[in-house]
Amino acid sequence: MTDVGSEGVGEWSRRRVSRRGFLGTASGVVAGAVAGAATVDGVFPTDATAATAAATSHGQTEPFYGIHQGGIATAPQAQMMFVALDVTSDRRQEVAELLRAWTSVAADLTSGRGEPAVDHGLWTDVPNDEEVVEVGPARLTVNFGFGPSLFGRGSSDRFGLTKDCPQALVDLPAFPGDQLDPAKTGGDLTIHACADDPQVVFHAARQLVRVAEGVASLRWSQTGFNEQLASHGTPRNLMGFKDGTVNPAGETELAKIVWVSGAEPAWMDGGTYVVVRRIRLDLDEWDNTSVATQERIIGRHKRSGAPLGRSAEFDALDLSAKDADGDPIVPLDAHVRIASPQENWNNAMLRRSYSYNDDALVASTSSEYEASTFDAGLFFVAYQQNPRLAFIPIYAELAERDALRRFTIHTGSLIAAIPPGAQRPGNWIGEQLLNRG
Ligand code: HEM
């Protein structure tokens with residue numbers, strides 16, 4: 001039986017991260033290096049309006065230890081980086097050791113305990129934390145996930161994990177209109193880092209990728225941002241609409257919609273599943289569309305975020321309401337109508353999307369655009385209890401008949417199982433799966 005869980009989490013952020021060092025020192029970690037870390041019972045703030053203004057949050061921490069991993073029910077931070085990696089090792093024990101190391105490093109990074117490396121001459125292998133030392137953890141959260149390919153889906157069962165693959169973790173089907181770039185799609189392992197400072201996010205992601213050297217290599221990454229003035233509540237996306245209004249909030253809804261519990265397999269208890277889609281937006285065409293038409297496409301008022309025909313953002317969406325001519329107030333092809341739980345057997349998800357802007361799209365390289373523009377859009381991130389009941393059927397409908405689809409191109413995609421959190425120092429993320437025989 002593989003057992004790497006009995007040694008405490010420790011000094012990974014202070015040690016050599018080369019493959020040699022990684023394997024050579026795995027058994028010598030020092031317990032207690034994470035003493036003082038906040039331990040919580042999985043209760044996270046869920047109200048987007050409680051998000052702390054970025055300018056004042058640099059010294060603030062979010063809990064790392066808990067029943068669930070962080071950055072899911074956490075009030076959204078302003079910045080994010082999503083990283084997908086491929087496992088290059090063929091040894092399960094090395095994957096387990098990597099997860100244990102990641103847990104330790106993430107606990108340090110999110111707590112803000114990282115100290116500056118003062119003597120680079122002697123300690124060339126010590127992570128350089130100076131780049132964030134005065135920036136603070138800025139509410140940094142990190143979570144880790146497992147793609148279907150880790151379980152041998154579509155390839156060989158190199159880690160003996162196929163028997164443990166959850167039924168909910170299926171490869172996403174091809175959807176109408178998909179133009180997926182393999183360089184932004186799939187991966188064996190995922191890291192989702194969010195904070196209120198872009199440098200803190202990048203530092204965390206890069207240190208974690210560095211720790212993986214020799215075991216897993218970078219496949220692709222994506223940065224994202226959110227406008228964030230806490231006083232305004234739900235952030236607006238690049239289309240100018242509030243995005244994230246209808247989301248589960250509070251433990252009861254999260255338990256029903258987000259967290260896996262009692263379902264197969266037991267190692268996922270307290271976990272969830274993430275689906276990400278990199279969605280390029282035709283913002284120029286959108287800006288040439290009248291606000292009235294935009295509102296009919298989304299099904300909500302642009303300024304207030306209220307459902308069409310209502311006045312406040314959190315007013316209920318009434319899909320049966322008709323105007324004076326007897327036509328539905330929320331059009332039949334409006335985005336929120338088709339995506340609504342009312343139209344989807346009450347299935348829902350927790351959306352935690354970020355805007356992105358990557359590069360110029362030069363006209364000659366893209367037949368989709370008549371003029372050069374930005375490769376910008378929405379990095380859609382949704383956590384859910386079962387993607388086979390939530391994202392997959394809901395997006396299958398949207399891809400067929402959503403009025404919004406003529407402004408969107410899906411260029412990247414990933415699904416992953418997000419295992420439960422590490423409950424206390426000494427536990428590590430993924431141990432329920434990887435520590436089994
Ligand atoms: C670029 C693409 C997208 C944009 C700009 C967008 C934008 C929006 C906006 C503005 C809302 C209304 C406010 C809110 O409740 O958050 C909304 C709602 C929603 N969207 Fe999207 N969305 C996009 C893609 C998707 C995708 C791919 C899905 C996948 C299933 C999705 C699922 C939903 C759901 C479930 C709701 C809540 C519907 C309700 O119950 O009222 N969206 N979206």
# chains A, B, ... in the order shown; residues from 1 in each chain; ligands from 1
>>> residues_around(residues="Arg219 (chain A)", least_positions_apart="4", cutoff="9 Å", atoms="only C-alpha atoms", output="CSV table (one decimal) with N, CA and C atoms, in the first residue's frame")
chain,number,residue,atom,x,y,z
A,83,VAL,N,-4.2,26.8,-13.8
A,83,VAL,CA,-3.1,26.1,-14.4
A,83,VAL,C,-3.5,24.7,-14.6
A,84,ALA,N,-3.2,24.1,-15.8
A,84,ALA,CA,-3.4,22.7,-16.1
A,84,ALA,C,-2.0,22.1,-16.3
A,85,LEU,N,-1.8,20.9,-15.7
A,85,LEU,CA,-0.5,20.2,-15.9
A,85,LEU,C,-0.7,18.8,-16.3
A,86,ASP,N,0.3,18.3,-17.0
A,86,ASP,CA,0.3,16.9,-17.4
A,86,ASP,C,1.3,16.2,-16.5
A,183,ALA,N,-4.2,23.6,-27.0
A,183,ALA,CA,-3.2,24.3,-26.1
A,183,ALA,C,-3.9,25.0,-25.0
A,184,LYS,N,-5.2,25.0,-24.9
A,184,LYS,CA,-6.0,25.6,-23.8
A,184,LYS,C,-7.0,24.6,-23.3
A,185,THR,N,-6.8,23.3,-23.5
A,185,THR,CA,-7.8,22.3,-23.2
A,185,THR,C,-7.2,21.1,-22.5
A,186,GLY,N,-7.9,20.7,-21.5
A,186,GLY,CA,-7.6,19.4,-20.8
A,186,GLY,C,-6.3,19.5,-19.9
A,187,GLY,N,-6.0,18.4,-19.2
A,187,GLY,CA,-4.9,18.3,-18.3
A,187,GLY,C,-5.2,17.3,-17.2
>>> select_by_dssp(residues="region 167-416 of chain A", states="alpha helix (DSSP H)", output="PyMOL selection string")
chain A and resi 198-211+250-257+283-287+291-298+335-339+391-401
>>> write_last_selection(atoms="N, CA and C atoms", output="compact mmCIF listing (two decimals), in the first residue's frame")
# COMPACT_ATOMS: atom_id res chain seq x y z
N PRO A 198 -2.54 40.56 -8.47
CA PRO A 198 -2.07 39.69 -9.56
C PRO A 198 -0.70 39.08 -9.31
N GLN A 199 0.16 39.81 -8.59
CA GLN A 199 1.50 39.28 -8.35
C GLN A 199 1.46 38.13 -7.35
N VAL A 200 0.56 38.25 -6.38
CA VAL A 200 0.41 37.16 -5.40
C VAL A 200 -0.09 35.90 -6.11
N VAL A 201 -1.04 36.08 -7.02
CA VAL A 201 -1.60 34.94 -7.74
C VAL A 201 -0.51 34.27 -8.59
N PHE A 202 0.22 35.07 -9.33
CA PHE A 202 1.23 34.51 -10.22
C PHE A 202 2.34 33.83 -9.43
N HIS A 203 2.74 34.48 -8.35
CA HIS A 203 3.79 33.90 -7.50
C HIS A 203 3.36 32.51 -7.01
N ALA A 204 2.14 32.43 -6.51
CA ALA A 204 1.66 31.15 -5.98
C ALA A 204 1.63 30.09 -7.07
N ALA A 205 1.07 30.45 -8.22
CA ALA A 205 0.94 29.46 -9.30
C ALA A 205 2.32 29.00 -9.76
N ARG A 206 3.23 29.94 -9.90
CA ARG A 206 4.55 29.57 -10.42
C ARG A 206 5.33 28.72 -9.41
N GLN A 207 5.23 29.05 -8.13
CA GLN A 207 5.94 28.23 -7.13
C GLN A 207 5.38 26.81 -7.12
N LEU A 208 4.07 26.69 -7.29
CA LEU A 208 3.47 25.35 -7.27
C LEU A 208 3.88 24.55 -8.51
N VAL A 209 3.95 25.22 -9.64
CA VAL A 209 4.42 24.54 -10.87
C VAL A 209 5.87 24.12 -10.69
N ARG A 210 6.65 24.97 -10.05
CA ARG A 210 8.06 24.69 -9.82
C ARG A 210 8.24 23.46 -8.92
N VAL A 211 7.39 23.37 -7.91
CA VAL A 211 7.45 22.22 -7.01
C VAL A 211 7.19 20.92 -7.77
N GLY A 250 -24.88 30.19 1.15
CA GLY A 250 -25.25 29.57 2.43
C GLY A 250 -25.04 28.06 2.35
N GLU A 251 -24.83 27.47 3.52
CA GLU A 251 -24.46 26.05 3.58
C GLU A 251 -25.49 25.12 2.96
N THR A 252 -26.79 25.44 3.13
CA THR A 252 -27.82 24.52 2.62
C THR A 252 -27.76 24.44 1.11
N GLU A 253 -27.69 25.60 0.46
CA GLU A 253 -27.65 25.60 -1.01
C GLU A 253 -26.33 25.02 -1.52
N LEU A 254 -25.24 25.35 -0.85
CA LEU A 254 -23.95 24.79 -1.28
C LEU A 254 -23.94 23.27 -1.17
N ALA A 255 -24.55 22.76 -0.10
CA ALA A 255 -24.61 21.32 0.10
C ALA A 255 -25.45 20.67 -1.00
N LYS A 256 -26.45 21.37 -1.45
CA LYS A 256 -27.34 20.80 -2.47
C LYS A 256 -26.74 20.90 -3.87
N ILE A 257 -25.99 21.97 -4.13
CA ILE A 257 -25.59 22.27 -5.51
C ILE A 257 -24.10 22.03 -5.78
N LEU A 283 -16.55 41.47 -28.64
CA LEU A 283 -16.94 42.67 -27.89
C LEU A 283 -17.26 43.83 -28.83
N ASP A 284 -16.61 43.87 -29.99
CA ASP A 284 -16.90 44.97 -30.93
C ASP A 284 -18.34 44.85 -31.43
N GLU A 285 -18.73 43.65 -31.79
CA GLU A 285 -20.11 43.42 -32.26
C GLU A 285 -21.09 43.71 -31.12
N TRP A 286 -20.72 43.33 -29.93
CA TRP A 286 -21.58 43.57 -28.76
C TRP A 286 -21.78 45.07 -28.55
N ASP A 287 -20.69 45.82 -28.67
CA ASP A 287 -20.79 47.27 -28.47
C ASP A 287 -21.60 47.94 -29.57
N VAL A 291 -28.43 48.63 -26.25
CA VAL A 291 -28.58 48.10 -24.89
C VAL A 291 -29.89 47.33 -24.77
N ALA A 292 -30.95 47.82 -25.42
CA ALA A 292 -32.25 47.12 -25.33
C ALA A 292 -32.12 45.69 -25.88
N THR A 293 -31.40 45.56 -27.01
CA THR A 293 -31.21 44.21 -27.58
C THR A 293 -30.32 43.36 -26.68
N GLN A 294 -29.25 43.98 -26.17
CA GLN A 294 -28.38 43.24 -25.24
C GLN A 294 -29.18 42.68 -24.06
N GLU A 295 -30.09 43.52 -23.56
CA GLU A 295 -30.87 43.10 -22.39
C GLU A 295 -31.80 41.94 -22.74
N ARG A 296 -32.31 41.94 -23.96
CA ARG A 296 -33.18 40.83 -24.38
C ARG A 296 -32.34 39.56 -24.61
N ILE A 297 -31.10 39.73 -25.02
CA ILE A 297 -30.22 38.56 -25.23
C ILE A 297 -29.89 37.91 -23.88
N ILE A 298 -29.55 38.74 -22.89
CA ILE A 298 -29.21 38.20 -21.57
C ILE A 298 -30.49 37.84 -20.80
N HIS A 335 -30.46 34.24 -22.55
CA HIS A 335 -29.46 33.41 -21.85
C HIS A 335 -29.97 32.92 -20.50
N VAL A 336 -30.52 33.81 -19.67
CA VAL A 336 -30.88 33.38 -18.32
C VAL A 336 -32.09 32.44 -18.32
N ARG A 337 -32.96 32.57 -19.32
CA ARG A 337 -34.09 31.63 -19.38
C ARG A 337 -33.58 30.21 -19.61
N ILE A 338 -32.73 30.06 -20.62
CA ILE A 338 -32.27 28.71 -20.99
C ILE A 338 -31.38 28.11 -19.90
N ALA A 339 -30.61 28.99 -19.22
CA ALA A 339 -29.67 28.49 -18.19
C ALA A 339 -30.34 28.31 -16.83
N PHE A 391 -23.54 21.27 -15.69
CA PHE A 391 -22.95 21.95 -16.85
C PHE A 391 -23.32 21.29 -18.18
N ILE A 392 -23.17 19.98 -18.26
CA ILE A 392 -23.29 19.32 -19.57
C ILE A 392 -24.68 19.51 -20.19
N PRO A 393 -25.75 19.14 -19.49
CA PRO A 393 -27.06 19.35 -20.13
C PRO A 393 -27.43 20.82 -20.29
N ILE A 394 -27.04 21.65 -19.32
CA ILE A 394 -27.42 23.07 -19.42
C ILE A 394 -26.69 23.72 -20.59
N TYR A 395 -25.40 23.45 -20.69
CA TYR A 395 -24.69 24.09 -21.80
C TYR A 395 -25.08 23.47 -23.15
N ALA A 396 -25.47 22.21 -23.16
CA ALA A 396 -25.93 21.61 -24.42
C ALA A 396 -27.12 22.41 -24.96
N GLU A 397 -28.00 22.84 -24.07
CA GLU A 397 -29.15 23.67 -24.50
C GLU A 397 -28.68 25.05 -24.94
N LEU A 398 -27.80 25.64 -24.14
CA LEU A 398 -27.31 26.99 -24.49
C LEU A 398 -26.61 26.98 -25.85
N ALA A 399 -25.82 25.95 -26.10
CA ALA A 399 -25.05 25.90 -27.35
C ALA A 399 -25.97 25.78 -28.56
N GLU A 400 -27.19 25.30 -28.34
CA GLU A 400 -28.14 25.14 -29.44
C GLU A 400 -28.95 26.40 -29.71
N ARG A 401 -29.37 27.09 -28.60
CA ARG A 401 -30.38 28.13 -28.86
C ARG A 401 -30.24 29.40 -28.03
>>> residues_near_ligand(ligand="ligand 1", cutoff="7 Å", atoms="only C-alpha atoms and all ligand atoms", output="PDB file with N, CA, C and O atoms, in the first residue's frame")
ATOM      1  N   ASN A 237     -19.066  41.688 -16.075  1.00  0.00           N
ATOM      2  CA  ASN A 237     -18.143  41.104 -17.043  1.00  0.00           C
ATOM      3  C   ASN A 237     -17.842  42.122 -18.149  1.00  0.00           C
ATOM      4  O   ASN A 237     -18.298  43.271 -18.104  1.00  0.00           O
ATOM      5  N   MET A 239     -18.938  42.403 -20.994  1.00  0.00           N
ATOM      6  CA  MET A 239     -20.130  42.835 -21.719  1.00  0.00           C
ATOM      7  C   MET A 239     -20.900  43.891 -20.936  1.00  0.00           C
ATOM      8  O   MET A 239     -21.924  44.395 -21.407  1.00  0.00           O
ATOM      9  N   PHE A 241     -22.468  43.443 -18.033  1.00  0.00           N
ATOM     10  CA  PHE A 241     -23.554  42.897 -17.208  1.00  0.00           C
ATOM     11  C   PHE A 241     -23.005  42.305 -15.923  1.00  0.00           C
ATOM     12  O   PHE A 241     -21.900  41.726 -15.916  1.00  0.00           O
ATOM     13  N   LYS A 242     -23.792  42.425 -14.860  1.00  0.00           N
ATOM     14  CA  LYS A 242     -23.425  41.756 -13.613  1.00  0.00           C
ATOM     15  C   LYS A 242     -23.434  40.253 -13.868  1.00  0.00           C
ATOM     16  O   LYS A 242     -24.390  39.733 -14.447  1.00  0.00           O
ATOM     17  N   ASP A 243     -22.388  39.581 -13.430  1.00  0.00           N
ATOM     18  CA  ASP A 243     -22.255  38.148 -13.709  1.00  0.00           C
ATOM     19  C   ASP A 243     -21.983  37.401 -12.410  1.00  0.00           C
ATOM     20  O   ASP A 243     -20.934  37.599 -11.791  1.00  0.00           O
ATOM     21  N   GLY A 244     -22.930  36.567 -12.025  1.00  0.00           N
ATOM     22  CA  GLY A 244     -22.796  35.824 -10.767  1.00  0.00           C
ATOM     23  C   GLY A 244     -23.950  36.107  -9.817  1.00  0.00           C
ATOM     24  O   GLY A 244     -23.888  35.745  -8.640  1.00  0.00           O
ATOM     25  N   THR A 245     -24.996  36.736 -10.330  1.00  0.00           N
ATOM     26  CA  THR A 245     -26.146  37.091  -9.472  1.00  0.00           C
ATOM     27  C   THR A 245     -26.814  35.837  -8.913  1.00  0.00           C
ATOM     28  O   THR A 245     -27.009  35.713  -7.692  1.00  0.00           O
ATOM     29  N   VAL A 246     -27.197  34.941  -9.807  1.00  0.00           N
ATOM     30  CA  VAL A 246     -27.903  33.738  -9.355  1.00  0.00           C
ATOM     31  C   VAL A 246     -26.860  32.673  -9.057  1.00  0.00           C
ATOM     32  O   VAL A 246     -26.356  32.002  -9.948  1.00  0.00           O
ATOM     33  N   ASN A 247     -26.518  32.546  -7.798  1.00  0.00           N
ATOM     34  CA  ASN A 247     -25.509  31.597  -7.361  1.00  0.00           C
ATOM     35  C   ASN A 247     -25.938  31.026  -6.020  1.00  0.00           C
ATOM     36  O   ASN A 247     -26.581  31.738  -5.230  1.00  0.00           O
ATOM     37  N   ARG A 277     -14.369  27.008 -19.134  1.00  0.00           N
ATOM     38  CA  ARG A 277     -14.461  27.224 -20.577  1.00  0.00           C
ATOM     39  C   ARG A 277     -13.842  28.583 -20.872  1.00  0.00           C
ATOM     40  O   ARG A 277     -14.212  29.591 -20.258  1.00  0.00           O
ATOM     41  N   ILE A 279     -13.911  31.484 -23.124  1.00  0.00           N
ATOM     42  CA  ILE A 279     -14.914  31.933 -24.086  1.00  0.00           C
ATOM     43  C   ILE A 279     -14.517  33.307 -24.640  1.00  0.00           C
ATOM     44  O   ILE A 279     -14.554  34.312 -23.917  1.00  0.00           O
ATOM     45  N   ARG A 280     -14.108  33.313 -25.889  1.00  0.00           N
ATOM     46  CA  ARG A 280     -13.762  34.589 -26.516  1.00  0.00           C
ATOM     47  C   ARG A 280     -15.064  35.327 -26.859  1.00  0.00           C
ATOM     48  O   ARG A 280     -16.023  34.718 -27.334  1.00  0.00           O
ATOM     49  N   LEU A 281     -15.070  36.620 -26.584  1.00  0.00           N
ATOM     50  CA  LEU A 281     -16.271  37.411 -26.846  1.00  0.00           C
ATOM     51  C   LEU A 281     -16.027  38.351 -28.012  1.00  0.00           C
ATOM     52  O   LEU A 281     -14.953  38.965 -28.110  1.00  0.00           O
ATOM     53  N   ILE A 298     -29.553  38.742 -22.894  1.00  0.00           N
ATOM     54  CA  ILE A 298     -29.213  38.201 -21.573  1.00  0.00           C
ATOM     55  C   ILE A 298     -30.489  37.837 -20.796  1.00  0.00           C
ATOM     56  O   ILE A 298     -30.546  36.818 -20.113  1.00  0.00           O
ATOM     57  N   ARG A 300     -31.798  40.194 -18.713  1.00  0.00           N
ATOM     58  CA  ARG A 300     -31.707  41.040 -17.517  1.00  0.00           C
ATOM     59  C   ARG A 300     -31.404  42.473 -17.929  1.00  0.00           C
ATOM     60  O   ARG A 300     -30.871  42.711 -19.014  1.00  0.00           O
ATOM     61  N   GLY A 305     -29.109  44.880 -13.201  1.00  0.00           N
ATOM     62  CA  GLY A 305     -28.963  43.423 -13.110  1.00  0.00           C
ATOM     63  C   GLY A 305     -30.277  42.722 -12.833  1.00  0.00           C
ATOM     64  O   GLY A 305     -30.323  41.491 -12.696  1.00  0.00           O
ATOM     65  N   LEU A 317     -36.744  35.663 -11.056  1.00  0.00           N
ATOM     66  CA  LEU A 317     -36.923  35.583 -12.511  1.00  0.00           C
ATOM     67  C   LEU A 317     -38.271  34.902 -12.766  1.00  0.00           C
ATOM     68  O   LEU A 317     -38.457  33.739 -12.415  1.00  0.00           O
ATOM     69  N   HIS A 335     -30.464  34.242 -22.550  1.00  0.00           N
ATOM     70  CA  HIS A 335     -29.458  33.412 -21.851  1.00  0.00           C
ATOM     71  C   HIS A 335     -29.967  32.916 -20.499  1.00  0.00           C
ATOM     72  O   HIS A 335     -29.872  31.727 -20.202  1.00  0.00           O
ATOM     73  N   VAL A 336     -30.518  33.814 -19.669  1.00  0.00           N
ATOM     74  CA  VAL A 336     -30.882  33.377 -18.315  1.00  0.00           C
ATOM     75  C   VAL A 336     -32.088  32.442 -18.325  1.00  0.00           C
ATOM     76  O   VAL A 336     -32.212  31.593 -17.436  1.00  0.00           O
ATOM     77  N   ARG A 337     -32.962  32.567 -19.322  1.00  0.00           N
ATOM     78  CA  ARG A 337     -34.092  31.628 -19.377  1.00  0.00           C
ATOM     79  C   ARG A 337     -33.575  30.208 -19.611  1.00  0.00           C
ATOM     80  O   ARG A 337     -33.917  29.278 -18.888  1.00  0.00           O
ATOM     81  N   ALA A 339     -30.611  28.992 -19.222  1.00  0.00           N
ATOM     82  CA  ALA A 339     -29.674  28.493 -18.193  1.00  0.00           C
ATOM     83  C   ALA A 339     -30.338  28.309 -16.832  1.00  0.00           C
ATOM     84  O   ALA A 339     -29.767  27.664 -15.946  1.00  0.00           O
ATOM     85  N   SER A 340     -31.542  28.848 -16.677  1.00  0.00           N
ATOM     86  CA  SER A 340     -32.173  28.872 -15.356  1.00  0.00           C
ATOM     87  C   SER A 340     -32.506  27.477 -14.817  1.00  0.00           C
ATOM     88  O   SER A 340     -32.924  26.595 -15.572  1.00  0.00           O
ATOM     89  N   PRO A 341     -32.369  27.275 -13.502  1.00  0.00           N
ATOM     90  CA  PRO A 341     -32.760  25.985 -12.913  1.00  0.00           C
ATOM     91  C   PRO A 341     -34.213  25.628 -13.230  1.00  0.00           C
ATOM     92  O   PRO A 341     -34.544  24.454 -13.377  1.00  0.00           O
ATOM     93  N   ALA A 348     -28.284  23.264 -11.035  1.00  0.00           N
ATOM     94  CA  ALA A 348     -27.606  24.564 -10.982  1.00  0.00           C
ATOM     95  C   ALA A 348     -26.133  24.361 -10.684  1.00  0.00           C
ATOM     96  O   ALA A 348     -25.673  23.232 -10.469  1.00  0.00           O
ATOM     97  N   MET A 349     -25.408  25.454 -10.664  1.00  0.00           N
ATOM     98  CA  MET A 349     -23.964  25.398 -10.368  1.00  0.00           C
ATOM     99  C   MET A 349     -23.530  26.712  -9.725  1.00  0.00           C
ATOM    100  O   MET A 349     -24.299  27.675  -9.729  1.00  0.00           O
ATOM    101  N   GLY A 377     -12.387  37.958 -23.299  1.00  0.00           N
ATOM    102  CA  GLY A 377     -13.690  37.345 -23.064  1.00  0.00           C
ATOM    103  C   GLY A 377     -13.879  36.924 -21.634  1.00  0.00           C
ATOM    104  O   GLY A 377     -13.437  37.599 -20.709  1.00  0.00           O
ATOM    105  N   LEU A 378     -14.518  35.783 -21.492  1.00  0.00           N
ATOM    106  CA  LEU A 378     -14.869  35.283 -20.165  1.00  0.00           C
ATOM    107  C   LEU A 378     -14.197  33.941 -19.948  1.00  0.00           C
ATOM    108  O   LEU A 378     -14.327  33.034 -20.774  1.00  0.00           O
ATOM    109  N   PHE A 380     -14.923  31.193 -18.041  1.00  0.00           N
ATOM    110  CA  PHE A 380     -16.071  30.667 -17.290  1.00  0.00           C
ATOM    111  C   PHE A 380     -15.593  29.569 -16.349  1.00  0.00           C
ATOM    112  O   PHE A 380     -14.915  28.628 -16.773  1.00  0.00           O
ATOM    113  N   PHE A 391     -23.537  21.270 -15.691  1.00  0.00           N
ATOM    114  CA  PHE A 391     -22.954  21.954 -16.851  1.00  0.00           C
ATOM    115  C   PHE A 391     -23.318  21.289 -18.180  1.00  0.00           C
ATOM    116  O   PHE A 391     -23.712  21.960 -19.134  1.00  0.00           O
ATOM    117  N   ILE A 394     -27.036  21.649 -19.321  1.00  0.00           N
ATOM    118  CA  ILE A 394     -27.420  23.069 -19.416  1.00  0.00           C
ATOM    119  C   ILE A 394     -26.690  23.725 -20.588  1.00  0.00           C
ATOM    120  O   ILE A 394     -27.292  24.420 -21.422  1.00  0.00           O
ATOM    121  N   TYR A 395     -25.397  23.454 -20.689  1.00  0.00           N
ATOM    122  CA  TYR A 395     -24.686  24.090 -21.797  1.00  0.00           C
ATOM    123  C   TYR A 395     -25.081  23.474 -23.148  1.00  0.00           C
ATOM    124  O   TYR A 395     -25.062  24.162 -24.176  1.00  0.00           O
ATOM    125  N   LEU A 398     -27.802  25.643 -24.143  1.00  0.00           N
ATOM    126  CA  LEU A 398     -27.315  26.991 -24.492  1.00  0.00           C
ATOM    127  C   LEU A 398     -26.612  26.979 -25.849  1.00  0.00           C
ATOM    128  O   LEU A 398     -26.790  27.889 -26.669  1.00  0.00           O
ATOM    129  N   THR A 408     -20.077  34.613 -28.977  1.00  0.00           N
ATOM    130  CA  THR A 408     -19.110  33.827 -28.194  1.00  0.00           C
ATOM    131  C   THR A 408     -18.457  32.716 -29.022  1.00  0.00           C
ATOM    132  O   THR A 408     -19.094  32.141 -29.902  1.00  0.00           O
TER     133      THR A 408
END
>>> residues_around(residues="Met80 (chain A)", least_positions_apart="5", cutoff="10 Å", atoms="only C-alpha atoms", output="PyMOL selection string")
chain A and resi 71+140-142+192-198+200-202+205+222-226+353-356+379
>>> atom_distance(atom1="CA of Thr373 (chain A)", atom2="CA of Asp359 (chain A)")
8.7 Å
>>> atom_distance(atom1="CA of Thr74 (chain A)", atom2="CA of Trp102 (chain A)")
19.8 Å
>>> residues_around(residues="Ile429 (chain A)", least_positions_apart="2", cutoff="9 Å", atoms="only C-alpha atoms", output="list in words")
Gln69, Leu99, Arg100, Trp102, Thr103, Asn143, Phe144, Pro419, Pro420, Gly421, Ala422, Gln423, Asn427, Glu431 and Gln432 of chain A
>>> atom_distance(atom1="CA of Arg158 (chain A)", atom2="CA of Gln179 (chain A)")
29.7 Å
>>> residues_around(residues="Gln60 (chain A)", least_positions_apart="4", cutoff="10 Å", atoms="only C-alpha atoms", output="list in words")
Thr52, Thr56, Thr110, Ser111, Gly112, Gly136, Pro137, Ala138, Arg139, Leu140, Ala195 and Asp196 of chain A
>>> write_last_selection(atoms="N, CA and C atoms", output="PDB file, in the first residue's frame")
ATOM      1  N   THR A  52     -14.067  41.784  -0.188  1.00  0.00           N
ATOM      2  CA  THR A  52     -13.333  42.915   0.366  1.00  0.00           C
ATOM      3  C   THR A  52     -12.678  43.712  -0.751  1.00  0.00           C
ATOM      4  N   THR A  56      -7.725  47.159   0.109  1.00  0.00           N
ATOM      5  CA  THR A  56      -7.523  47.035   1.544  1.00  0.00           C
ATOM      6  C   THR A  56      -7.292  45.607   1.993  1.00  0.00           C
ATOM      7  N   THR A 110      -0.898  30.659   1.349  1.00  0.00           N
ATOM      8  CA  THR A 110      -2.185  31.294   1.658  1.00  0.00           C
ATOM      9  C   THR A 110      -2.179  31.939   3.037  1.00  0.00           C
ATOM     10  N   SER A 111      -1.305  31.446   3.922  1.00  0.00           N
ATOM     11  CA  SER A 111      -1.241  32.038   5.261  1.00  0.00           C
ATOM     12  C   SER A 111      -0.384  33.290   5.276  1.00  0.00           C
ATOM     13  N   GLY A 112       0.403  33.490   4.200  1.00  0.00           N
ATOM     14  CA  GLY A 112       1.285  34.658   4.172  1.00  0.00           C
ATOM     15  C   GLY A 112       2.530  34.474   4.990  1.00  0.00           C
ATOM     16  N   GLY A 136       1.519  40.755   0.826  1.00  0.00           N
ATOM     17  CA  GLY A 136       0.612  40.016   1.703  1.00  0.00           C
ATOM     18  C   GLY A 136      -0.134  38.933   0.952  1.00  0.00           C
ATOM     19  N   PRO A 137      -0.820  38.058   1.679  1.00  0.00           N
ATOM     20  CA  PRO A 137      -1.527  36.978   0.976  1.00  0.00           C
ATOM     21  C   PRO A 137      -2.722  37.471   0.180  1.00  0.00           C
ATOM     22  N   ALA A 138      -3.212  38.674   0.490  1.00  0.00           N
ATOM     23  CA  ALA A 138      -4.279  39.286  -0.321  1.00  0.00           C
ATOM     24  C   ALA A 138      -5.430  38.313  -0.578  1.00  0.00           C
ATOM     25  N   ARG A 139      -5.806  37.588   0.452  1.00  0.00           N
ATOM     26  CA  ARG A 139      -6.932  36.622   0.372  1.00  0.00           C
ATOM     27  C   ARG A 139      -6.658  35.490  -0.616  1.00  0.00           C
ATOM     28  N   LEU A 140      -5.387  35.115  -0.727  1.00  0.00           N
ATOM     29  CA  LEU A 140      -5.029  34.031  -1.654  1.00  0.00           C
ATOM     30  C   LEU A 140      -5.735  32.722  -1.288  1.00  0.00           C
ATOM     31  N   ALA A 195      -6.628  35.623  -5.795  1.00  0.00           N
ATOM     32  CA  ALA A 195      -6.270  36.575  -4.739  1.00  0.00           C
ATOM     33  C   ALA A 195      -6.662  37.962  -5.219  1.00  0.00           C
ATOM     34  N   ASP A 196      -6.488  38.939  -4.344  1.00  0.00           N
ATOM     35  CA  ASP A 196      -6.823  40.300  -4.743  1.00  0.00           C
ATOM     36  C   ASP A 196      -5.642  41.030  -5.357  1.00  0.00           C
TER      37      ASP A 196
END
